[in-house]
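What follows is one structure encoded as structure tokens, with my remarks underneath.
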Amino acid sequence: MRRPVAGMRQEKLIDLVRRSPQRLVFPLMGYPGARLTGSTLRQNGFNAELHFMSICKLVERFSPDAAFFMMDLSLEAGALGLPVRYPINESPTVEEHPVKSLADLDQFKVLDPLNDARIRSFIRVMELMSKNLDIPRGGYVTGPFTLAGLMMGASELAMATIIDSGLVHGVLEFSLGVCKRYARALAEAGADIVAILEPTAAFLSDGAFRTFCGPYIRHLIEDMDPMMVLHICGNTSHLVKEMCKTGAQGLSLDAPVDFPSIAGDVDPDVVLIGNIDPVGIMVQGTPHDVRRAVKDLIDGMASHQNFILSTGCDLPLETPFENIEAFMEEGRRCVRVCDGHATLDPAMMA
Amino acid sequence: MPSEEFKEMQDALEAGNATVVRTLTEKALERGVDPQVILNEGLIPAMGRVGEKFKRNEVYVPEVLVAARAMYAGLDVLRPLLAKSGAKRAGKMVIGTVKGDLHDIGKNLVRMMFEGAGFEVVDLGTDVSEKRFVEAVRSENPDFLGMSALLTTTMPAMKTTIDALKEAGLRESVKVLVGGAPITHRYARDIGADGYAPDASSAVDLAKELLGQASSSAAS
Ligand code: B12
């Protein structure tokens, strides 16, 4: 079911969820689209038209309730000039993490990340999606803590949270600026949803998250137009309460988190997005395994309206198409049931 | 006598206070305490406790890394003395993250726990090719080769490395340990590794167990 998305910016993610008579269903998927255009991930990462076509084909084939472009955690770091490796069919990765002191940041401060060709290419993909797709269109931005980890090295950043918090806050101030600038550009390009990718924060305690991650996410989210979602991979059960305080309209959480048991900790206006195992189930499972996992999750979340069926993280390139089909079908079969009542919108039934 | 002194050292280590650990290590040496005793009764048990707490989610990655840094501060003082006295190391390990994989936090924790347990560790870093693993096993002659992989796409590199060790005729000379979030016991067995551990402190226990087996079978 398609609906025009004009004027959606005023709307919140939870409104979208409540307005829909069915569970919203969208896997985090971009990479598998490259198989539908017969292209490589590297080609998609440099060519906006191709990248957009790959996403289009995924939308045509699976009709998800929202579309995202491809995940790329190296984009912002690459735009700052850090060395990035671009494998043909794997995600690009940042190879060096040169920031050791606040002075090391100076060389980056003079750069405008939006001048980078790859950043421009992703903004262009967003524009094309916004002009041509009639479902909510989403993009990603690397979170300030994760970008700081790419600049300093994740282990160094982890240690610095304890022994040199001044350095950490300095790098975070800077990375926040970069994230904001790119997120704004995505918003201007027409993004309805922007998901902040913050995987490196997964190893923080809740206390450290409160100091080094949450406040920066809150700043990033503040006065952004699109619906802002926070995505952290790994087991983040201990961080859910803190993540709720960031102002994110949705929390996209990974497979190790037990949704039914944390749902009570989450504000009913904040949407939980997830969390079928992208590798264990979606790549390595059979369509039957996928259906069972989806059904179990939907059943477990039956009494929670604030839920979108998705995957715990981005689907790998090699995800079998029949598993994505099984995921969509099983998700769609289930009419939303809330507090024991089917909450079908009467207007929709007329 | 030592237990009180070591308690202070151990508290400092667990709190990640490198300066205090270094100073207390130096003071202990000045008073004539055997470096081996400082290592075995001071530093090692404290690092072991940090590993246990991490396993129980009582502390997180940053706390473990900082405790390990404090441990190194003490170890750096002891190292030359231990080498001179020809003190026996618990064992030797070569470790790295496999080809194509740049995740290194888990691998670093494993390295630190092994060093904390008195092992000598050679760290090859991340994105290590089969060839480099094989060369390091040849030149370092370790008891253990540790491989870490966090991506499903890079896991197969563990198998190809084991195959490369066989081809080089080195497989029998080293025990291969594997780990990382997607790795399971079963996978380790299937690819012909000698052991798998879900976390860094279990990995140390496993290594000790395997060493024990090796020495008892050598004795019999
Ligand atoms: C932090 C992180 C990153 C950081 C890495 C920083 C760094 N320098 O390490 C960054 C942001 C750079 C990153 C990048 C990517 N990541 Co990442 N990342 C993570 C995350 C959130 C945490 C990993 C971590 O450090 N955990 C903490 C440590 C302490 O745990 P550990 O590594 O498991 O180690 C313990 C044990 O496993 C064991 N152990 C580890 N090694 C060894 C070795 C031996 C011998 C033994 C015995 C034991 C052992 O002991 C350790 C301590 O107890 C995981 C999520 C997760 N569920 O793990 C994803 C995850 C691993 N990443 C993932 C992905 C897909 C990627 C990217 C491809 C993302 C992208 N789309 O661009 C890139 C790939 C980069 C590359 N080529 O390597 C996926 C992998 C999916 C899969 N199964 O293939 C995960 C699982 C997230 C997800 N759900 O999708 N990532």
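Letters A, B, ... go to the chains of the structure tokens in the order shown; residues in each chain start at 1; ligands are counted from 1 in the same order.
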Please report as an MDAnalysis selection string which residues of chain B come no farther than 7 Å from chain A, using only C-alpha atoms.
chainID B and resid 60:62 65:66 105
Keeping C-alpha atoms, export the residues of the selection given above as an mmCIF file, in the first residue's frame.
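For reference, again_18.cif as written:
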```cif
data_model
loop_
_atom_site.group_PDB
_atom_site.id
_atom_site.type_symbol
_atom_site.label_atom_id
_atom_site.label_comp_id
_atom_site.auth_asym_id
_atom_site.auth_seq_id
_atom_site.Cartn_x
_atom_site.Cartn_y
_atom_site.Cartn_z
ATOM 1 C CA TYR B 60 32.971 -2.829 30.083
ATOM 2 C CA VAL B 61 35.580 -2.689 27.332
ATOM 3 C CA PRO B 62 37.107 0.688 28.330
ATOM 4 C CA LEU B 65 41.621 -1.810 28.308
ATOM 5 C CA VAL B 66 42.675 0.698 30.946
ATOM 6 C CA ILE B 105 38.931 -4.708 20.197
#
```
List as JSON, numbers by chain the protein and nucleic acid residues lying within 6 Å of ligand 1, with only C-alpha atoms and all ligand atoms counted.
{"A": [71, 72, 73, 91, 93, 146, 153, 154, 199, 200, 202, 203, 233, 234, 254, 279, 313], "B": [100, 101, 102, 103, 104, 105, 106, 107, 109, 110, 146, 147, 148, 150, 151, 152, 153, 177, 178, 179, 180, 181, 182, 196, 197, 198, 199, 200, 203]}
Return as a Markdown table the residues of segment 209-277 of chain A lying at most 9 Å from segment 287-302 of chain A, together with the closest atom-to-atom pair for each and the distance in Å to one decimal, counting only C-alpha atoms, with rows in chain order and ascending residue number.
```
| residue | atom | partner | partner_atom | distance |
| --- | --- | --- | --- | --- |
| A:Phe259 | CA | A:Met301 | CA | 7.3 |
| A:Pro260 | CA | A:Gly300 | CA | 5.5 |
| A:Ser261 | CA | A:Gly300 | CA | 8.9 |
| A:Ala263 | CA | A:Met301 | CA | 8.0 |
| A:Asn275 | CA | A:Leu297 | CA | 8.2 |
| A:Ile276 | CA | A:Ala293 | CA | 6.9 |
| A:Asp277 | CA | A:Ala293 | CA | 8.8 |
```
Residues of the last selection are to be written out with N, CA, C and O atoms, as an mmCIF file, in the first residue's frame.
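And here's part-v8.cif as it stands now:
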```cif
data_model
loop_
_atom_site.group_PDB
_atom_site.id
_atom_site.type_symbol
_atom_site.label_atom_id
_atom_site.label_comp_id
_atom_site.auth_asym_id
_atom_site.auth_seq_id
_atom_site.Cartn_x
_atom_site.Cartn_y
_atom_site.Cartn_z
ATOM 1 N N PHE A 259 13.563 -8.037 22.275
ATOM 2 C CA PHE A 259 12.585 -6.950 22.159
ATOM 3 C C PHE A 259 11.464 -7.021 23.193
ATOM 4 O O PHE A 259 11.215 -6.051 23.891
ATOM 5 N N PRO A 260 10.759 -8.161 23.279
ATOM 6 C CA PRO A 260 9.642 -8.183 24.232
ATOM 7 C C PRO A 260 10.070 -7.784 25.643
ATOM 8 O O PRO A 260 9.332 -7.099 26.344
ATOM 9 N N SER A 261 11.284 -8.168 26.057
ATOM 10 C CA SER A 261 11.643 -7.883 27.442
ATOM 11 C C SER A 261 12.120 -6.439 27.649
ATOM 12 O O SER A 261 12.089 -5.932 28.766
ATOM 13 N N ALA A 263 10.823 -3.874 25.751
ATOM 14 C CA ALA A 263 9.797 -2.967 25.206
ATOM 15 C C ALA A 263 9.196 -2.092 26.297
ATOM 16 O O ALA A 263 8.866 -0.925 26.062
ATOM 17 N N ASN A 275 14.131 -6.958 14.748
ATOM 18 C CA ASN A 275 15.558 -7.141 14.948
ATOM 19 C C ASN A 275 15.931 -8.563 14.594
ATOM 20 O O ASN A 275 16.629 -9.248 15.324
ATOM 21 N N ILE A 276 15.417 -9.005 13.410
ATOM 22 C CA ILE A 276 15.745 -10.355 12.935
ATOM 23 C C ILE A 276 17.242 -10.410 12.608
ATOM 24 O O ILE A 276 17.786 -9.493 11.995
ATOM 25 N N ASP A 277 17.890 -11.479 13.035
ATOM 26 C CA ASP A 277 19.328 -11.646 12.863
ATOM 27 C C ASP A 277 19.710 -11.598 11.373
ATOM 28 O O ASP A 277 19.303 -12.457 10.594
#
```
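Listed by chain and then by rising number, the residues of segment 118-163 of chain B that DSSP assigns to strand (DSSP E) from the backbone are Phe119, Glu120, Val121, Val122, Asp123, Phe144, Leu145, Gly146, Met147 and Ser148 of chain B.
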So which bits of segment 175-336 of chain A end up helix (DSSP H, G or I) when you DSSP the backbone, as a PyMOL selection string?
chain A and resi 175-188+199-203+206-212+214-221+237-244+259-265+287-300+321-333
